[in-house]
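Raw work_22.txt, compact mmCIF, C-alpha atoms:
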# COMPACT_ATOMS: atom_id res chain seq x y z
CA MET A 812 23.27 -21.86 -25.37
CA TYR A 813 20.17 -19.67 -25.81
CA LYS A 814 18.32 -21.66 -23.14
CA LEU A 815 21.30 -21.33 -20.78
CA ILE A 816 21.46 -17.56 -21.29
CA LEU A 817 17.71 -17.26 -20.76
CA TYR A 818 17.92 -19.38 -17.61
CA MET A 819 20.78 -17.29 -16.19
CA GLY A 820 18.85 -14.12 -17.01
CA LEU A 821 15.85 -15.39 -15.09
CA LEU A 822 18.06 -16.34 -12.16
CA LEU A 823 19.63 -12.88 -12.08
CA MET A 824 16.22 -11.22 -12.30
CA SER A 825 14.92 -13.41 -9.49
CA ALA A 826 17.96 -12.63 -7.34
CA PHE A 827 17.50 -8.92 -7.94
CA VAL A 828 13.77 -8.92 -7.20
CA TRP A 829 14.08 -10.93 -4.02
CA ALA A 830 17.39 -9.52 -2.73
CA SER A 831 17.27 -7.76 0.63
CA PRO A 832 15.30 -5.70 1.56
CA ASN A 833 12.64 -6.95 -0.89
CA CYS A 834 9.79 -9.13 0.33
CA PHE A 835 6.63 -10.94 -0.66
CA VAL A 836 4.51 -12.35 2.15
CA ALA A 837 1.04 -13.91 2.04
CA GLN A 838 -1.31 -15.20 4.71
CA GLU A 839 -4.45 -17.32 4.70
CA ASN A 840 -6.58 -18.34 7.68
CA ASN A 841 -4.18 -16.47 10.01
CA LYS A 842 -1.26 -18.58 8.78
CA ILE A 843 1.69 -17.40 6.69
CA ILE A 844 1.61 -19.44 3.49
CA GLN A 845 4.53 -17.77 1.73
CA ALA A 846 7.33 -15.44 2.83
CA ILE A 847 10.21 -14.52 0.53
CA GLY A 848 12.87 -12.01 1.50
CA ALA A 849 13.30 -9.53 4.36
CA CYS A 850 9.69 -9.36 5.49
CA GLU A 851 10.37 -8.00 8.99
CA VAL A 852 12.29 -4.88 7.88
CA GLN A 853 10.32 -1.65 8.35
CA HIS A 854 9.99 0.93 5.57
CA SER A 855 8.01 4.09 4.94
CA PRO A 856 4.49 3.01 3.92
CA ARG A 857 4.16 5.83 1.39
CA CYS A 858 0.70 5.75 -0.21
CA SER A 859 -0.06 2.23 1.02
CA PHE A 860 -0.88 4.22 4.17
CA ASN A 861 -4.04 5.39 2.43
CA ILE A 862 -5.66 2.13 3.56
CA PRO A 863 -5.74 3.01 7.28
CA LEU A 864 -6.26 6.65 6.38
CA SER A 865 -9.39 5.71 4.44
CA LEU A 866 -10.80 3.83 7.44
CA ILE A 867 -10.18 6.87 9.64
CA ALA A 868 -11.65 9.36 7.17
CA PHE A 869 -14.85 7.36 6.66
CA GLU A 870 -15.20 6.82 10.40
CA GLU A 871 -14.82 10.56 11.05
CA GLY A 872 -17.25 11.52 8.29
CA LEU A 873 -14.65 13.34 6.21
CA LEU A 874 -15.32 10.86 3.40
CA LEU A 875 -18.90 9.88 2.64
CA ASP A 876 -18.71 7.25 -0.09
CA ALA A 877 -16.61 6.36 -3.14
CA ARG A 878 -17.54 9.59 -4.95
CA HIS A 879 -17.96 12.11 -2.15
CA PRO A 880 -16.61 14.52 -1.30
CA LYS A 881 -15.17 15.67 -4.59
CA LYS A 882 -12.76 18.42 -3.71
CA ALA A 883 -11.23 20.95 -6.07
CA PHE A 884 -7.44 20.95 -6.17
CA ASN A 885 -6.02 23.51 -3.76
CA GLN A 886 -3.04 25.40 -5.21
CA ASN A 887 -1.55 25.61 -1.70
CA TYR A 888 -0.80 21.89 -1.99
CA VAL A 889 2.02 20.45 -4.08
CA ASP A 890 1.48 17.21 -6.00
CA GLY A 891 3.29 17.56 -9.31
CA ARG A 892 1.12 15.20 -11.36
CA ALA A 893 -1.66 16.39 -13.64
CA VAL A 894 -3.81 13.39 -12.73
CA CYS A 895 -3.94 14.68 -9.15
CA GLU A 896 -3.95 18.41 -9.74
CA GLN A 897 -7.67 18.33 -10.43
CA ALA A 898 -10.95 17.74 -8.62
CA THR A 899 -10.58 14.51 -6.65
CA ASP A 900 -12.98 12.12 -4.93
CA PRO A 901 -12.14 9.13 -2.68
CA ARG A 902 -11.96 6.59 -5.51
CA HIS A 903 -9.74 8.87 -7.62
CA TRP A 904 -7.58 9.56 -4.54
CA ILE A 905 -6.91 5.87 -3.94
CA LYS A 906 -6.43 4.96 -7.58
CA ASN A 907 -3.94 7.77 -8.28
CA SER A 908 -2.27 8.20 -4.86
CA CYS A 909 -3.07 11.90 -4.63
CA VAL A 910 -0.94 13.08 -1.73
CA TRP A 911 -2.70 16.42 -1.31
CA TYR A 912 -6.03 14.68 -0.67
CA SER A 913 -4.36 12.57 2.05
CA GLN A 914 -2.94 15.76 3.58
CA TRP A 915 -6.36 17.41 3.52
CA ILE A 916 -7.66 14.43 5.52
CA THR A 917 -4.87 14.47 8.11
CA GLU A 918 -5.03 18.26 8.56
CA SER A 919 -8.80 17.98 9.05
CA LEU A 920 -8.23 15.33 11.74
CA GLY A 921 -5.58 17.20 13.68
CA MET A 922 -2.61 15.48 15.31
CA LYS A 923 -4.34 14.36 18.50
CA VAL A 924 -7.09 12.41 16.72
CA PHE A 925 -4.70 11.20 14.02
CA GLN A 926 -2.29 9.75 16.60
CA GLU A 927 -5.11 8.13 18.59
CA TYR A 928 -6.22 6.15 15.53
CA ILE A 929 -2.70 5.07 14.56
CA ASN A 930 -2.11 3.91 18.14
CA ALA A 931 -5.41 2.01 18.14
CA PHE A 932 -4.48 0.36 14.84
CA ASP A 933 -1.00 -0.44 16.23
CA TYR A 934 0.22 0.51 12.77
CA GLY A 935 3.95 -0.16 12.39
CA ASN A 936 6.06 1.92 14.74
CA THR A 937 3.13 4.40 15.21
CA ASP A 938 5.59 7.33 14.95
CA LEU A 939 3.87 10.41 13.50
CA SER A 940 6.56 12.90 14.55
CA GLY A 941 7.67 13.58 10.96
CA ASP A 942 11.08 14.76 9.81
CA LEU A 943 13.47 15.51 12.65
CA GLY A 944 13.04 19.11 13.82
CA LYS A 945 10.51 20.04 11.13
CA HIS A 946 7.25 19.39 13.02
CA ASN A 947 5.63 18.17 9.80
CA GLY A 948 4.32 14.80 10.94
CA LEU A 949 0.69 15.72 10.35
CA THR A 950 1.29 15.96 6.59
CA ARG A 951 4.52 14.04 6.02
CA ALA A 952 4.95 11.23 8.59
CA TRP A 953 4.07 8.42 6.15
CA LEU A 954 6.04 9.92 3.22
CA ASN A 955 9.60 8.68 3.65
CA SER A 956 9.64 10.09 7.17
CA SER A 957 9.10 8.83 10.74
CA LEU A 958 6.31 6.30 10.25
CA LYS A 959 7.63 2.84 9.35
CA ILE A 960 6.00 -0.55 8.84
CA SER A 961 7.22 -3.97 7.74
CA PRO A 962 5.51 -6.23 5.21
CA LYS A 963 4.58 -8.64 8.01
CA GLU A 964 3.11 -5.77 10.02
CA GLN A 965 1.09 -4.75 6.96
CA ILE A 966 -0.33 -8.29 6.97
CA VAL A 967 -1.24 -8.06 10.67
CA PHE A 968 -3.02 -4.75 10.14
CA LEU A 969 -4.94 -5.99 7.11
CA GLN A 970 -6.02 -9.16 8.91
CA LYS A 971 -7.45 -7.06 11.74
CA MET A 972 -9.19 -4.85 9.20
CA LEU A 973 -10.78 -7.78 7.40
CA ASN A 974 -11.83 -9.27 10.74
CA ARG A 975 -13.31 -5.87 11.65
CA GLN A 976 -11.41 -5.85 14.94
CA PHE A 977 -11.20 -2.06 15.14
CA SER A 978 -13.97 -0.06 16.80
CA LEU A 979 -15.27 1.47 13.59
CA LYS A 980 -18.65 1.83 11.92
CA PRO A 981 -19.52 -0.90 9.39
CA GLU A 982 -19.65 1.82 6.71
CA ALA A 983 -15.98 2.66 7.28
CA TYR A 984 -14.99 -0.90 6.41
CA GLU A 985 -17.45 -1.21 3.53
CA HIS A 986 -16.54 2.05 1.80
CA THR A 987 -12.83 1.42 2.25
CA LYS A 988 -13.16 -1.99 0.64
CA GLN A 989 -15.13 -0.46 -2.22
CA ILE A 990 -12.47 2.08 -3.13
CA LEU A 991 -9.67 -0.49 -2.79
CA PHE A 992 -11.13 -2.67 -5.54
CA VAL A 993 -8.53 -3.25 -8.26
CA GLU A 994 -9.79 -5.91 -10.64
CA LYS A 995 -11.44 -9.28 -11.15
CA LEU A 996 -9.02 -12.21 -11.41
CA PRO A 997 -9.51 -15.64 -13.03
CA ASN A 998 -11.61 -18.35 -11.35
CA GLY A 999 -13.81 -15.95 -9.42
CA TRP A 1000 -11.16 -14.21 -7.31
CA THR A 1001 -11.26 -10.43 -6.72
CA LEU A 1002 -8.20 -8.27 -6.04
CA TYR A 1003 -8.18 -5.37 -3.56
CA GLY A 1004 -5.14 -3.31 -2.66
CA LYS A 1005 -3.07 -0.16 -2.64
CA THR A 1006 0.27 0.73 -4.15
CA GLY A 1007 2.95 3.04 -2.80
CA THR A 1008 6.03 4.50 -4.48
CA GLY A 1009 8.96 6.45 -3.08
CA THR A 1010 12.70 6.92 -2.74
CA PRO A 1011 14.36 5.17 0.21
CA PRO A 1012 16.58 7.37 2.43
CA ASN A 1013 20.05 7.96 0.97
CA LYS A 1014 19.26 5.94 -2.16
CA ASP A 1015 18.65 8.56 -4.84
CA ALA A 1016 19.03 6.08 -7.70
CA ILE A 1017 16.56 3.60 -6.15
CA ARG A 1018 12.76 3.57 -6.05
CA SER A 1019 10.74 1.69 -3.46
CA GLY A 1020 7.40 0.11 -4.25
CA TRP A 1021 4.57 -1.33 -2.16
CA PHE A 1022 1.50 -3.26 -3.07
CA VAL A 1023 -0.55 -4.49 -0.15
CA GLY A 1024 -4.04 -5.93 -0.05
CA TRP A 1025 -5.93 -9.17 -0.42
CA ILE A 1026 -7.74 -11.42 -2.84
CA GLU A 1027 -11.06 -12.98 -2.00
CA LYS A 1028 -13.50 -15.54 -3.35
CA ASP A 1029 -16.72 -16.37 -1.56
CA LYS A 1030 -15.62 -16.55 2.11
CA GLN A 1031 -11.96 -17.20 1.33
CA SER A 1032 -9.30 -14.50 1.48
CA ILE A 1033 -5.53 -14.35 1.06
CA ILE A 1034 -3.79 -11.27 2.44
CA PHE A 1035 -0.45 -10.18 1.00
CA ALA A 1036 2.24 -7.51 1.08
CA GLN A 1037 4.85 -6.88 -1.59
CA TYR A 1038 7.80 -4.53 -1.06
CA ILE A 1039 10.54 -3.92 -3.61
CA GLU A 1040 13.49 -1.62 -4.21
CA VAL A 1041 14.56 -1.25 -7.83
CA GLY A 1042 16.92 0.91 -9.84
CA ILE A 1043 15.34 4.11 -11.11
CA ASP A 1044 15.56 2.92 -14.73
CA GLU A 1045 15.04 -0.80 -14.17
CA THR A 1046 11.26 -1.19 -14.19
CA PRO A 1047 9.51 -2.28 -17.41
CA ASN A 1048 8.64 0.64 -19.71
CA GLY A 1049 9.47 3.20 -17.03
CA MET A 1050 6.72 1.88 -14.74
CA TYR A 1051 6.56 3.39 -11.24
CA ALA A 1052 7.82 1.07 -8.51
CA GLY A 1053 4.37 0.75 -6.90
CA PRO A 1054 2.62 -0.52 -10.04
CA TYR A 1055 5.61 -2.80 -10.67
CA ALA A 1056 5.21 -4.22 -7.16
CA LYS A 1057 1.54 -4.80 -8.00
CA GLU A 1058 2.44 -6.82 -11.10
CA LEU A 1059 4.98 -8.90 -9.16
CA ALA A 1060 2.46 -9.58 -6.39
CA LYS A 1061 -0.21 -10.61 -8.88
CA GLU A 1062 2.25 -12.99 -10.50
CA GLN A 1063 3.04 -14.58 -7.13
CA LEU A 1064 -0.63 -14.88 -6.21
CA MET A 1065 -1.68 -16.36 -9.53
CA GLN A 1066 1.16 -18.88 -9.39
CA PHE A 1067 0.11 -19.90 -5.88
CA LEU A 1068 -3.52 -20.33 -6.91
CA LYS A 1069 -2.50 -22.31 -9.99
CA THR A 1070 -0.26 -24.61 -7.93
CA LYS A 1071 -3.09 -25.26 -5.49
CA GLY A 1072 -5.63 -25.78 -8.26
CA ARG A 1073 -7.75 -22.86 -7.11
Exercise: express the given structure as structure tokens:
Amino acid sequence: MYKLILYMGLLLMSAFVWASPNCFVAQENNKIIQAIGACEVQHSPRCSFNIPLSLIAFEEGLLLDARHPKKAFNQNYVDGRAVCEQATDPRHWIKNSCVWYSQWITESLGMKVFQEYINAFDYGNTDLSGDLGKHNGLTRAWLNSSLKISPKEQIVFLQKMLNRQFSLKPEAYEHTKQILFVEKLPNGWTLYGKTGTGTPPNKDAIRSGWFVGWIEKDKQSIIFAQYIEVGIDETPNGMYAGPYAKELAKEQLMQFLKTKGR
């Protein structure tokens, strides 16, 4: 009976995690190797958008390397988390998803330049208009607003980035990769990526989570995107949805590598 209850619990958990609109998708050598769930549905990228934003900021010289510039927190910005309401450099920005640092970057770019890059990247629906009638796209478009992207589109963008298909300086790619480092994995693999957490429209009791990135070993790479929606109190130990998405993605990747003997 205990085994039956445990089995049913795992089935229910699996059904919840992979129910629409959740998705895990992975690609290797330009070929989808795994796709579970609604991987073509577009969502707000939230702080997973810091990946293209990093490329832009390094290209434009707003960011110099992983530790520069280190900017003092501006009280005119609102973040709400002590970890971000302090002096922040590019690595700290990526690790902690400091929204005010992203907004400093986009305001420094201006809408014209910002839109030109997003069009060139063909990033999701490329819509930077922001909330309807509020003219706040420059600082809010990617935060549960007009800009939307699907997990499969995240994969397409990341593949182009890894192939260096955008007209950017080598340093923009290299510094972005450096600050996206997450951890070393077993058997020589390295994990790079970015989380994102938010509240989907009209779903106050739900939290959305992204984790997008890639793993690499020697000249091999596997690109992935994980998107989940979970109940506000249903992540382990009160974990944010983004970090929870990261743990789910790691589990999927490690299982795939184990199955393939890699």
Proximity of segment 834-942 of chain A to segment 984-1002 of chain A: per-residue shortest pair, 12 Å limit, only C-alpha atoms, as a tab-separated table:
residue	atom	partner	partner_atom	distance
A:Ser859	CA	A:Leu991	CA	10.7
A:Asn861	CA	A:Thr987	CA	9.6
A:Ile862	CA	A:Thr987	CA	7.3
A:Pro863	CA	A:Thr987	CA	8.8
A:Leu864	CA	A:Thr987	CA	9.4
A:Ser865	CA	A:Thr987	CA	5.9
A:Leu866	CA	A:Thr987	CA	6.1
A:Ile867	CA	A:Thr987	CA	9.6
A:Ala868	CA	A:Thr987	CA	9.4
A:Phe869	CA	A:His986	CA	7.4
A:Glu870	CA	A:Tyr984	CA	8.7
A:Gly872	CA	A:His986	CA	11.5
A:Leu874	CA	A:His986	CA	9.0
A:Leu875	CA	A:His986	CA	8.2
A:Asp876	CA	A:His986	CA	5.9
A:Ala877	CA	A:Ile990	CA	6.0
A:Arg878	CA	A:Ile990	CA	9.2
A:His879	CA	A:His986	CA	10.9
A:Asp900	CA	A:Ile990	CA	10.2
A:Pro901	CA	A:Ile990	CA	7.1
A:Arg902	CA	A:Ile990	CA	5.1
A:His903	CA	A:Ile990	CA	8.6
A:Trp904	CA	A:Ile990	CA	9.0
A:Ile905	CA	A:Ile990	CA	6.8
A:Lys906	CA	A:Leu991	CA	7.9
A:Asn907	CA	A:Leu991	CA	11.5
A:Ser908	CA	A:Leu991	CA	11.6
Fill in: Shell around Val910 of chain A at 8 Å using all atoms listed in the file, local window under 4 positions removed, as a ChimeraX atom specification
/A:858,890,914
Any chance you can output those residues with C-alpha atoms as a PDB file, keeping the file's coordinate frame?
ATOM      1  CA  CYS A 858       0.700   5.750  -0.210  1.00  0.00           C
ATOM      2  CA  ASP A 890       1.480  17.210  -6.000  1.00  0.00           C
ATOM      3  CA  GLN A 914      -2.940  15.760   3.580  1.00  0.00           C
TER       4      GLN A 914
END
Close residues, Val852 of chain A itself excluded, 8 Å, only C-alpha atoms, min 2 positions apart in chain, as a compact mmCIF listing (two decimals) with C-alpha atoms, keeping the file's coordinate frame:
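Saved to selection-v4.txt:
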# COMPACT_ATOMS: atom_id res chain seq x y z
CA PRO A 832 15.30 -5.70 1.56
CA ALA A 849 13.30 -9.53 4.36
CA CYS A 850 9.69 -9.36 5.49
CA HIS A 854 9.99 0.93 5.57
CA ILE A 960 6.00 -0.55 8.84
CA SER A 961 7.22 -3.97 7.74
CA PRO A 962 5.51 -6.23 5.21
Kindly provide, as AutoDock Vina command-line options, the centre and edge lengths (Å, one decimal) of an axis-aligned box around all atoms of segment 836-847 of chain A given in the file, with 4 Å on each side.
--center_x 1.8 --center_y -15.9 --center_z 5.3 --size_x 24.8 --size_y 15.1 --size_z 17.5
Within 12 Å of segment 1019-1033 of chain A: each segment 929-967 of chain A residue with its shortest pair, only C-alpha atoms, as CSV:
residue,atom,partner,partner_atom,distance
A:Leu954,CA,A:Ser1019,CA,11.6
A:Asn955,CA,A:Ser1019,CA,10.0
A:Ile960,CA,A:Trp1021,CA,11.1
A:Ser961,CA,A:Trp1021,CA,10.6
A:Pro962,CA,A:Val1023,CA,8.3
A:Lys963,CA,A:Val1023,CA,10.5
A:Glu964,CA,A:Val1023,CA,10.9
A:Gln965,CA,A:Val1023,CA,7.3
A:Ile966,CA,A:Val1023,CA,8.1
A:Val967,CA,A:Gly1024,CA,11.3
Could segment 874-898 of chain A be completed with N, CA and C atoms and returned as an mmCIF file, in the coordinates of the input?
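The resulting file, rebuild.cif, is reproduced below:
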data_model
loop_
_atom_site.group_PDB
_atom_site.id
_atom_site.type_symbol
_atom_site.label_atom_id
_atom_site.label_comp_id
_atom_site.auth_asym_id
_atom_site.auth_seq_id
_atom_site.Cartn_x
_atom_site.Cartn_y
_atom_site.Cartn_z
ATOM 1 N N LEU A 874 -14.934 11.506 4.659
ATOM 2 C CA LEU A 874 -15.320 10.860 3.400
ATOM 3 C C LEU A 874 -16.700 10.258 3.592
ATOM 4 N N LEU A 875 -17.506 10.325 2.537
ATOM 5 C CA LEU A 875 -18.900 9.880 2.640
ATOM 6 C C LEU A 875 -19.161 8.585 1.894
ATOM 7 N N ASP A 876 -18.617 8.465 0.704
ATOM 8 C CA ASP A 876 -18.710 7.250 -0.090
ATOM 9 C C ASP A 876 -17.637 7.328 -1.164
ATOM 10 N N ALA A 877 -17.685 6.427 -2.142
ATOM 11 C CA ALA A 877 -16.610 6.360 -3.140
ATOM 12 C C ALA A 877 -16.488 7.625 -3.974
ATOM 13 N N ARG A 878 -17.552 8.410 -4.075
ATOM 14 C CA ARG A 878 -17.540 9.590 -4.950
ATOM 15 C C ARG A 878 -17.694 10.917 -4.210
ATOM 16 N N HIS A 879 -17.764 10.866 -2.910
ATOM 17 C CA HIS A 879 -17.960 12.110 -2.150
ATOM 18 C C HIS A 879 -17.108 12.101 -0.866
ATOM 19 N N PRO A 880 -16.509 13.271 -0.553
ATOM 20 C CA PRO A 880 -16.610 14.520 -1.300
ATOM 21 C C PRO A 880 -15.640 14.603 -2.472
ATOM 22 N N LYS A 881 -16.056 15.355 -3.474
ATOM 23 C CA LYS A 881 -15.170 15.670 -4.590
ATOM 24 C C LYS A 881 -14.644 17.065 -4.361
ATOM 25 N N LYS A 882 -13.348 17.152 -4.091
ATOM 26 C CA LYS A 882 -12.760 18.420 -3.710
ATOM 27 C C LYS A 882 -11.907 18.988 -4.845
ATOM 28 N N ALA A 883 -12.047 20.276 -5.059
ATOM 29 C CA ALA A 883 -11.230 20.950 -6.070
ATOM 30 C C ALA A 883 -9.783 20.991 -5.595
ATOM 31 N N PHE A 884 -8.861 20.892 -6.528
ATOM 32 C CA PHE A 884 -7.440 20.950 -6.170
ATOM 33 C C PHE A 884 -7.106 22.313 -5.592
ATOM 34 N N ASN A 885 -6.430 22.292 -4.449
ATOM 35 C CA ASN A 885 -6.020 23.510 -3.760
ATOM 36 C C ASN A 885 -4.588 23.843 -4.167
ATOM 37 N N GLN A 886 -4.372 25.020 -4.724
ATOM 38 C CA GLN A 886 -3.040 25.400 -5.210
ATOM 39 C C GLN A 886 -2.022 25.525 -4.089
ATOM 40 N N ASN A 887 -2.477 25.560 -2.829
ATOM 41 C CA ASN A 887 -1.550 25.610 -1.700
ATOM 42 C C ASN A 887 -0.852 24.268 -1.480
ATOM 43 N N TYR A 888 -1.414 23.208 -2.084
ATOM 44 C CA TYR A 888 -0.800 21.890 -1.990
ATOM 45 C C TYR A 888 0.136 21.690 -3.181
ATOM 46 N N VAL A 889 1.093 20.788 -3.010
ATOM 47 C CA VAL A 889 2.020 20.450 -4.080
ATOM 48 C C VAL A 889 1.864 18.965 -4.378
ATOM 49 N N ASP A 890 1.575 18.616 -5.622
ATOM 50 C CA ASP A 890 1.480 17.210 -6.000
ATOM 51 C C ASP A 890 2.397 16.896 -7.173
ATOM 52 N N GLY A 891 2.351 17.718 -8.200
ATOM 53 C CA GLY A 891 3.290 17.560 -9.310
ATOM 54 C C GLY A 891 2.838 16.657 -10.419
ATOM 55 N N ARG A 892 1.631 16.069 -10.300
ATOM 56 C CA ARG A 892 1.120 15.200 -11.360
ATOM 57 C C ARG A 892 -0.241 15.702 -11.794
ATOM 58 N N ALA A 893 -0.413 15.840 -13.110
ATOM 59 C CA ALA A 893 -1.660 16.390 -13.640
ATOM 60 C C ALA A 893 -2.869 15.572 -13.216
ATOM 61 N N VAL A 894 -2.682 14.247 -13.091
ATOM 62 C CA VAL A 894 -3.810 13.390 -12.730
ATOM 63 C C VAL A 894 -4.347 13.710 -11.344
ATOM 64 N N CYS A 895 -3.514 14.323 -10.504
ATOM 65 C CA CYS A 895 -3.940 14.680 -9.150
ATOM 66 C C CYS A 895 -4.222 16.166 -8.975
ATOM 67 N N GLU A 896 -3.705 16.982 -9.853
ATOM 68 C CA GLU A 896 -3.950 18.410 -9.740
ATOM 69 C C GLU A 896 -5.271 18.767 -10.417
ATOM 70 N N GLN A 897 -6.316 18.140 -9.916
ATOM 71 C CA GLN A 897 -7.670 18.330 -10.430
ATOM 72 C C GLN A 897 -8.652 17.911 -9.346
ATOM 73 N N ALA A 898 -9.925 18.142 -9.581
ATOM 74 C CA ALA A 898 -10.950 17.740 -8.620
ATOM 75 C C ALA A 898 -10.834 16.245 -8.346
#
